[in-house]
Amino acid sequence: MDKRIFEIYRYDPDTDAKPYMKTYEVELDGSERMLLDVLMKLKKQDDSISYRRSCREGVCGSDAMNINGKNGLACLTNMLILPQKITLRPLPGLPVVRDLIVDMSQFFKQYHSIKPYIVNDTVPPEKERLQSQEDRDELNGLYECILCACCSTSCPSFWWNPDKFVGPAGLLVAYRFVADSRDHDTAERLDNLEDPYRLFRCHTIMNCVDVCPKGLNPTRAIGKLIEMLVKRAA
Amino acid sequence: MGLTVHKYDAVVIGAGGAGMRCSLQLARAGLRVAVLSKVFPTRSHTVAAQGGIGASLGNMDEDNWHYHFYDTVKGSDWLGDQDAIEFMCREAPKVVYDLEHMGMPFDRNPDGTIYQRPFGGHSAKYGEKPVPRACAAADRTGHAMLHTLYQQNVKSKTTFFVEWMALDIIRDAEGDAVGVTALEMETGEVAIFHAKCVLFATGGAGRIFAASTNAFINTGDGLGMAARAGIPLEDMEFWQFHPTGVHNAGVLLTEGCRGEGAILRNKDGERFMERYAPKLKDLAPRDFISRCMDQEIKEGRGCGPNGDYIALDLTHLGAETIMKRLPSVHEIGKNFANVDVIKEAIPVVPTIHYQMGGIPTNIHGQVVVPKEGNPNTVINGLYAIGECSCVSVHGANRLGTNSLLDLLVFGRAAGNHLVETALASRAFKPLPANAGDYSRARIAKLDDSSSGEYPQDVANDLRKSMQLHAGVFRTQKTMDEGVVQVLAIAERAESLSLKDKSKVFNTARIEALEVANLMEAAKATMVSAAARHESRGAHSVDDYSDSVEFPLGRNDKEWMKHTLWYSEGNRLDYKPVNLKPLTVDSIPPVKRTF
């Protein structure tokens with residue numbers, strides 16, 4: 001039998017003066033592949049353990065949490081790579097609603113601040129707007145973001161200035177629209193980021209790249225945006 | 001204590017593809033619209049759709065909506081309503097172009113047009129050969145579509161109530177819908193949404209089965225709410241088994257794999273679909289392929305030490321095609337089956353995927369019920385769109401890519417209908433005095449519980465029972481046993497125990513409330529299935545297989561009709577299938593071969 005020890009961050013604002021870590025033991029029977037499977041088993045022991053989850057296959061972005069000190073999705077974290085003792089905490093840097101559930105308002109506020117939609121005021125053709133395969137390829141590695149917040153909540157710059165620094169997730173999407181040949185708003189998008197905090201607080205620490213469960217590279221997208229701003233100034 | 005009342009022109013329940021396509025139409029028209037969702041909008045289950053959106057753009061080969069119409073009618077095994085199917089197939093190119101204009105990152109052809117791939121059951125020239133009709137963004141079409149729709153709603157300033165669970169419909173004395181009750185998950189408080197109209201876009205109930213490709217949130221909440229409010233559920237016996245769910249994991253591998261050329265093989269390495277479907281082969285419709293796979297396994301040609309799965313072989317496609325067109329499939333293989341699909345075949349089994357039935361509607365999305373001799377009497381103020389609805393475009397079996405299309409076409413159509421019928425200038429009907437009492441009583445019962453079963457234990461028993469009694473191959477005997485078992489489990493669900501009685505983000509309470517909805521969906525499925533004495537589409541019953549008595553494998557004389565199940569009294573009724581399209585000739589029923 002494979003026995004694991006869990007230390008789980010617990011906090012219910014109605015009853016707990018402050019958060020605490022609670023220890024659980026669980027026997028695995030081999031049917032639990034991912035961390036999320038085991039969390040569900042634990043919830044059967046103690047139905048008050050609270051976390052978000054939905055698709056259980058890494059596309060919805062619900063079950064991001066801090067797993068042994070590193071952000072990741074519970075549904076894509078294989079039990080085989082985890083040690084015997086597993087510590088689970090909520091994503092760092094955001095207010096905790098309860099247990100492993102954080103208040104993501106600040107994260108989404110930053111996402112909304114970059115105008116996350118295509119801007120093209122020309123009258124659309126009757127059929128599709130044409131886009132070359134090369135132009136479409138520019139969007140690869142950008143449009144796949146699942147908004148799980150693993151990246152932004154692992155970024156020290158975001159911890160310090162969550163209200164001022166857009167953060168890696170929002171900046172990745174900002175570049176996704178700049179890079180889209182169909183978008184006509186590049187100048188305004190760059191204006192919107194030309195600020196000591198919004199973009200330039202990125203210090204290329206690259207935690208975002210390290211934790212992204214989809215293998216995306218926000219640092220590269222941020223670099224492209226900075227490059228465009230620098231070129232524009234010259 | 002009175003409940004907080006929010007007032008909106010329209011309240012949309014559910015922020016998946018249908019809900020957000022609809023809310024976009026309403027918000028753009030300047031209506032006050034609120035969208036309620038159990039999860040942040042981009043976490044809705046539309047996000048998991050992979051393969052594509054069906055539309056006869058003809059970008060890569062000759063195609064037109066007549067072929068699409070024919071394929072969909074045939075795919076539905078003649079249970080689909082031909083007026084609705086014509087409407088959907090004609091609108092398809094328009095809604096896809098619209099979505100492209102919204103910024104959807106479709107893959108492209110060398111000429112810059114939208115890339116399309118072949119898909120099961122989609123053919124040119126009325127069944128002659130497969131045609132590329134699925135408009136795709138790699139194998140992340142649903143993700144790309146859902147994010148694009150959310151982004152457009154942000155632009156149009158739609159109001160979202162995120163992490164709110166709708167509980168019950170509020171109907172007035174005349175039976176009109178005037179609002180819903182809903183639970184704010186973060187605070188545990190119940191509020192009333194008073195509206196001129198309520199739109200259900202709550203998705204399917206795929207979690208009534210043990211092995212399912214569906215997300216945990218797919219608990220049939222709209223079906224439960226409708227059933228409790230006296231509204232019948234239509235054609236719930238028809239559940240689609242997707243041929244390629246990962247063995248032992250349930251996670252979906254898109255039909256786009258086979259669209260790109262992947263092959264199903266038995267333990268002898270044989271491409272067995274050539275035997276069953278000489279023309280369409282691995283691209284026959286899903287009900288047909290799932291049955292063939294089960295047949296292979298039953299006859300001892302399954303793969304693996306237990307001979308209990310089929311091999312999906314992508315190895316001949318090459319690394320470049322796989323990484324460009326099917327990158328998520330590659331990822332899923334690695335994560336959920338320890339298989340590198342570039343190098344080896346991946347074990348798959350038919351897995352519950354999609355609910356063809358749902359809340360009965362017309363082509364505007366208005367909910368319709370039998371009343372005073374008219375089988376399709378509109379319930380004022382109530383709409384249903386997407387997987388929770390039954391319009392019915394999918395009939396007894398849905399074609400791949402027609403689900404995303406359904407969301408776009410009918411989400412938009414419902415929005416347009418409300419705008420065209422001048423919702424903005426209509427007055428609010430008053431709320432009944434007891435609005436909210438019923439929902440509060442349901443929650444109080446859980447909060448007062450001191451004994452009873454753990455909700456997930458009861459739900460798991462239900463899932464096991466449904467899997468056993470309403471699977472790919474059904475027999476009259478197993479279905480009859482299933483009815484008895486499922487009704488007994490539903491009885492147990494009446495007295496659940498909630499250990500955690502806290503207010504703030506109590507997920508145990510949410511799950512308990514979901515169980516009530518699962519039960520309605522499961523009862524509807526089991527009871528409707530046991531009553532249908534024929535084989536049609538996904539409802540395949542050994543007792544009524546291809547024979548002299550059932551020459552088409554189905555019994556059109558007695559059973560070409562829609563089932564209606566009522567929760568109250570566990571009662572069944574039926575209504576005719578609409579065989580008359582809007583403008584073209586009807587497609588007469590024939591035996592389905594591929």
# chains A, B, ... in the order shown; residues from 1 in each chain; ligands from 1
call {"tool": "interface_residues", "arguments": {"of": "chain A", "to": "chain B", "cutoff": "7 Å", "atoms": "only C-alpha atoms", "output": "VMD selection string"}}
result
chain A and resid 47 to 48 50 54 to 57 59 to 62 98 116 to 118 124 127 to 133 136
call {"tool": "write_last_selection", "arguments": {"atoms": "N, CA, C and O atoms", "output": "tab-separated table (two decimals), in the first residue's frame"}}
result
chain	number	residue	atom	x	y	z
A	47	ASP	N	-15.53	16.27	4.35
A	47	ASP	CA	-16.21	16.96	3.25
A	47	ASP	C	-16.07	18.48	3.33
A	47	ASP	O	-16.55	19.20	2.46
A	48	SER	N	-15.39	18.98	4.37
A	48	SER	CA	-15.23	20.44	4.48
A	48	SER	C	-14.00	20.96	3.74
A	48	SER	O	-13.82	22.17	3.62
A	50	SER	N	-12.10	22.42	0.93
A	50	SER	CA	-12.67	23.12	-0.23
A	50	SER	C	-11.61	23.49	-1.27
A	50	SER	O	-10.56	24.02	-0.92
A	54	SER	N	-12.96	21.26	-12.18
A	54	SER	CA	-14.04	20.97	-13.12
A	54	SER	C	-13.65	19.93	-14.17
A	54	SER	O	-14.05	18.79	-14.06
A	55	CYS	N	-12.82	20.30	-15.16
A	55	CYS	CA	-12.67	19.42	-16.33
A	55	CYS	C	-11.84	18.18	-16.04
A	55	CYS	O	-11.92	17.21	-16.73
A	56	ARG	N	-10.99	18.22	-15.04
A	56	ARG	CA	-10.04	17.16	-14.65
A	56	ARG	C	-9.10	16.71	-15.78
A	56	ARG	O	-8.58	15.61	-15.76
A	57	GLU	N	-8.88	17.61	-16.78
A	57	GLU	CA	-7.93	17.25	-17.82
A	57	GLU	C	-7.07	18.44	-18.25
A	57	GLU	O	-6.48	18.41	-19.33
A	59	VAL	N	-7.74	21.72	-19.03
A	59	VAL	CA	-8.12	22.78	-19.97
A	59	VAL	C	-8.99	23.88	-19.36
A	59	VAL	O	-9.12	24.94	-19.94
A	60	CYS	N	-9.60	23.62	-18.20
A	60	CYS	CA	-10.50	24.64	-17.66
A	60	CYS	C	-9.78	25.60	-16.72
A	60	CYS	O	-10.21	26.73	-16.51
A	61	GLY	N	-8.68	25.15	-16.11
A	61	GLY	CA	-7.88	26.04	-15.28
A	61	GLY	C	-8.42	26.26	-13.88
A	61	GLY	O	-8.04	27.21	-13.20
A	62	SER	N	-9.30	25.41	-13.38
A	62	SER	CA	-9.92	25.61	-12.06
A	62	SER	C	-9.02	25.25	-10.89
A	62	SER	O	-9.03	25.93	-9.87
A	98	ARG	N	-11.37	30.66	1.16
A	98	ARG	CA	-11.48	29.53	2.06
A	98	ARG	C	-10.53	28.42	1.59
A	98	ARG	O	-10.46	28.14	0.40
A	116	PRO	N	-8.88	42.53	-23.65
A	116	PRO	CA	-8.65	41.18	-24.17
A	116	PRO	C	-9.66	40.78	-25.24
A	116	PRO	O	-10.39	39.80	-25.09
A	117	TYR	N	-9.73	41.54	-26.30
A	117	TYR	CA	-10.60	41.20	-27.42
A	117	TYR	C	-10.06	41.88	-28.67
A	117	TYR	O	-9.34	42.88	-28.59
A	118	ILE	N	-10.39	41.32	-29.81
A	118	ILE	CA	-9.85	41.84	-31.05
A	118	ILE	C	-10.49	43.20	-31.37
A	118	ILE	O	-11.67	43.42	-31.09
A	124	PRO	N	-16.49	43.94	-41.79
A	124	PRO	CA	-16.02	42.58	-42.09
A	124	PRO	C	-16.53	42.12	-43.45
A	124	PRO	O	-17.62	42.52	-43.88
A	127	LYS	N	-17.47	36.71	-45.97
A	127	LYS	CA	-16.91	35.46	-45.46
A	127	LYS	C	-15.87	35.77	-44.39
A	127	LYS	O	-15.91	36.83	-43.77
A	128	GLU	N	-14.90	34.84	-44.18
A	128	GLU	CA	-13.89	35.07	-43.15
A	128	GLU	C	-12.88	36.12	-43.59
A	128	GLU	O	-12.66	36.32	-44.79
A	129	ARG	N	-12.27	36.81	-42.62
A	129	ARG	CA	-11.10	37.63	-42.92
A	129	ARG	C	-9.97	36.66	-43.22
A	129	ARG	O	-9.75	35.72	-42.47
A	130	LEU	N	-9.26	36.89	-44.29
A	130	LEU	CA	-8.19	35.96	-44.63
A	130	LEU	C	-6.98	36.21	-43.72
A	130	LEU	O	-6.73	37.33	-43.30
A	131	GLN	N	-6.27	35.15	-43.41
A	131	GLN	CA	-5.05	35.25	-42.60
A	131	GLN	C	-4.09	34.20	-43.14
A	131	GLN	O	-4.48	33.04	-43.33
A	132	SER	N	-2.85	34.58	-43.37
A	132	SER	CA	-1.90	33.60	-43.91
A	132	SER	C	-1.54	32.59	-42.82
A	132	SER	O	-1.70	32.87	-41.64
A	133	GLN	N	-1.06	31.44	-43.25
A	133	GLN	CA	-0.67	30.43	-42.27
A	133	GLN	C	0.45	30.95	-41.38
A	133	GLN	O	0.49	30.66	-40.18
A	136	ARG	N	-1.04	33.22	-38.81
A	136	ARG	CA	-1.77	32.42	-37.81
A	136	ARG	C	-0.78	31.74	-36.86
A	136	ARG	O	-1.05	31.65	-35.64
call {"tool": "residues_around", "arguments": {"residues": "range 305-321 of chain B", "least_positions_apart": "3", "cutoff": "9 Å", "atoms": "only C-alpha atoms", "output": "count of residues only"}}
result
35
call {"tool": "residues_around", "arguments": {"residues": "Asn68 in chain A", "least_positions_apart": "6", "cutoff": "10 Å", "atoms": "only C-alpha atoms", "output": "MDAnalysis selection string"}}
result
chainID A and resid 7 82:83 85:89
call {"tool": "write_last_selection", "arguments": {"atoms": "all heavy atoms", "output": "mmCIF file, in the first residue's frame"}}
result
data_model
loop_
_atom_site.group_PDB
_atom_site.id
_atom_site.type_symbol
_atom_site.label_atom_id
_atom_site.label_comp_id
_atom_site.auth_asym_id
_atom_site.auth_seq_id
_atom_site.Cartn_x
_atom_site.Cartn_y
_atom_site.Cartn_z
ATOM 1 N N GLU A 7 -0.405 17.748 4.143
ATOM 2 C CA GLU A 7 -0.553 18.923 4.999
ATOM 3 C C GLU A 7 -1.361 19.910 4.174
ATOM 4 O O GLU A 7 -0.891 20.377 3.126
ATOM 5 C CB GLU A 7 0.822 19.540 5.285
ATOM 6 C CG GLU A 7 1.721 18.702 6.163
ATOM 7 C CD GLU A 7 1.509 19.048 7.638
ATOM 8 O OE1 GLU A 7 1.369 20.260 7.929
ATOM 9 O OE2 GLU A 7 1.449 18.129 8.456
ATOM 10 N N LEU A 82 5.172 12.897 -6.974
ATOM 11 C CA LEU A 82 5.093 13.567 -5.678
ATOM 12 C C LEU A 82 5.710 12.696 -4.591
ATOM 13 O O LEU A 82 5.590 11.472 -4.617
ATOM 14 C CB LEU A 82 3.632 13.879 -5.328
ATOM 15 C CG LEU A 82 2.961 14.960 -6.179
ATOM 16 C CD1 LEU A 82 1.496 15.091 -5.796
ATOM 17 C CD2 LEU A 82 3.675 16.300 -6.054
ATOM 18 N N PRO A 83 6.372 13.338 -3.602
ATOM 19 C CA PRO A 83 6.967 12.566 -2.502
ATOM 20 C C PRO A 83 5.887 12.044 -1.552
ATOM 21 O O PRO A 83 4.698 12.304 -1.744
ATOM 22 C CB PRO A 83 7.846 13.601 -1.800
ATOM 23 C CG PRO A 83 7.221 14.917 -2.102
ATOM 24 C CD PRO A 83 6.580 14.778 -3.450
ATOM 25 N N LYS A 85 5.276 12.949 1.478
ATOM 26 C CA LYS A 85 4.598 14.039 2.170
ATOM 27 C C LYS A 85 4.285 15.177 1.192
ATOM 28 O O LYS A 85 5.161 15.632 0.468
ATOM 29 C CB LYS A 85 5.470 14.556 3.315
ATOM 30 C CG LYS A 85 4.699 15.502 4.212
ATOM 31 C CD LYS A 85 5.526 15.991 5.371
ATOM 32 C CE LYS A 85 4.891 17.268 5.882
ATOM 33 N NZ LYS A 85 5.765 18.036 6.741
ATOM 34 N N ILE A 86 3.036 15.586 1.185
ATOM 35 C CA ILE A 86 2.578 16.574 0.200
ATOM 36 C C ILE A 86 1.936 17.759 0.921
ATOM 37 O O ILE A 86 1.023 17.570 1.717
ATOM 38 C CB ILE A 86 1.566 15.934 -0.766
ATOM 39 C CG1 ILE A 86 2.234 14.798 -1.551
ATOM 40 C CG2 ILE A 86 0.983 16.974 -1.724
ATOM 41 C CD1 ILE A 86 1.290 13.760 -2.076
ATOM 42 N N THR A 87 2.451 18.950 0.647
ATOM 43 C CA THR A 87 1.895 20.148 1.272
ATOM 44 C C THR A 87 1.118 20.950 0.237
ATOM 45 O O THR A 87 1.655 21.290 -0.820
ATOM 46 C CB THR A 87 3.031 21.019 1.855
ATOM 47 O OG1 THR A 87 3.784 20.204 2.762
ATOM 48 C CG2 THR A 87 2.464 22.214 2.595
ATOM 49 N N LEU A 88 -0.146 21.212 0.542
ATOM 50 C CA LEU A 88 -0.992 21.963 -0.376
ATOM 51 C C LEU A 88 -1.395 23.289 0.237
ATOM 52 O O LEU A 88 -1.913 23.341 1.354
ATOM 53 C CB LEU A 88 -2.266 21.164 -0.712
ATOM 54 C CG LEU A 88 -2.073 19.802 -1.366
ATOM 55 C CD1 LEU A 88 -3.434 19.157 -1.620
ATOM 56 C CD2 LEU A 88 -1.283 19.925 -2.666
ATOM 57 N N ARG A 89 -1.129 24.357 -0.496
ATOM 58 C CA ARG A 89 -1.534 25.696 -0.073
ATOM 59 C C ARG A 89 -2.266 26.379 -1.225
ATOM 60 O O ARG A 89 -2.112 25.985 -2.384
ATOM 61 C CB ARG A 89 -0.295 26.534 0.275
ATOM 62 C CG ARG A 89 0.465 26.069 1.486
ATOM 63 C CD ARG A 89 1.763 26.868 1.604
ATOM 64 N NE ARG A 89 2.556 26.396 2.733
ATOM 65 C CZ ARG A 89 2.390 26.810 3.993
ATOM 66 N NH1 ARG A 89 1.474 27.715 4.277
ATOM 67 N NH2 ARG A 89 3.132 26.320 4.967
#
call {"tool": "residues_around", "arguments": {"residues": "range 200-206 of chain A", "least_positions_apart": "3", "cutoff": "9 Å", "atoms": "only C-alpha atoms", "output": "ChimeraX atom specification"}}
result
/A:155-158,161,164-168,193-197,209-211,217-219,222-223,226
call {"tool": "select_by_dssp", "arguments": {"residues": "range 95-214 of chain A", "states": "alpha helix (DSSP H)", "output": "ChimeraX atom specification"}}
result
/A:105-113,133-137,156-160,167-178,186-193,207-211
call {"tool": "write_last_selection", "arguments": {"atoms": "C-alpha atoms", "output": "compact mmCIF listing (two decimals), in the first residue's frame"}}
result
# COMPACT_ATOMS: atom_id res chain seq x y z
CA SER A 105 -10.64 39.40 -8.71
CA GLN A 106 -7.29 41.17 -8.94
CA PHE A 107 -6.01 38.63 -11.47
CA PHE A 108 -9.05 39.04 -13.73
CA LYS A 109 -9.04 42.81 -13.29
CA GLN A 110 -5.57 42.85 -14.82
CA TYR A 111 -6.67 40.52 -17.61
CA HIS A 112 -9.61 42.82 -18.39
CA SER A 113 -7.34 45.89 -18.32
CA GLN A 133 -0.67 30.43 -42.27
CA GLU A 134 2.47 32.29 -41.17
CA ASP A 135 0.40 35.03 -39.51
CA ARG A 136 -1.77 32.42 -37.81
CA ASP A 137 1.33 30.63 -36.54
CA PRO A 156 7.30 38.23 -7.19
CA SER A 157 6.57 41.36 -9.23
CA PHE A 158 2.88 40.47 -9.17
CA TRP A 159 2.98 39.72 -5.42
CA TRP A 160 4.38 43.20 -4.74
CA GLY A 167 1.31 40.11 -14.62
CA PRO A 168 2.44 37.37 -17.00
CA ALA A 169 -1.02 35.98 -17.84
CA GLY A 170 -2.48 39.35 -18.84
CA LEU A 171 0.65 40.33 -20.77
CA LEU A 172 0.68 37.05 -22.67
CA VAL A 173 -2.86 37.79 -23.84
CA ALA A 174 -1.97 41.43 -24.57
CA TYR A 175 0.72 40.18 -26.93
CA ARG A 176 -1.69 37.59 -28.41
CA PHE A 177 -3.77 40.51 -29.76
CA VAL A 178 -0.77 42.60 -30.81
CA THR A 186 -1.35 47.83 -31.68
CA ALA A 187 -0.53 51.50 -31.01
CA GLU A 188 -3.15 51.85 -28.31
CA ARG A 189 -2.30 48.50 -26.82
CA LEU A 190 1.33 49.63 -26.47
CA ASP A 191 0.25 53.02 -25.03
CA ASN A 192 -1.79 51.12 -22.47
CA LEU A 193 1.36 49.30 -21.31
CA ASN A 207 8.86 31.69 -12.58
CA CYS A 208 5.91 32.01 -14.98
CA VAL A 209 7.63 29.88 -17.60
CA ASP A 210 8.66 27.36 -14.98
CA VAL A 211 5.12 26.74 -13.67
call {"tool": "atom_distance", "arguments": {"atom1": "CA of Ala166 in chain B", "atom2": "CA of Met104 in chain A"}}
result
21.4 Å
call {"tool": "residues_around", "arguments": {"residues": "Val96 in chain A", "least_positions_apart": "5", "cutoff": "10 Å", "atoms": "only C-alpha atoms", "output": "list in words"}}
result
Arg10, Tyr11, Asp12, Pro13, Pro19, Pro90, Leu91, Ile101, Val102, Asp103 and Met104 of chain A
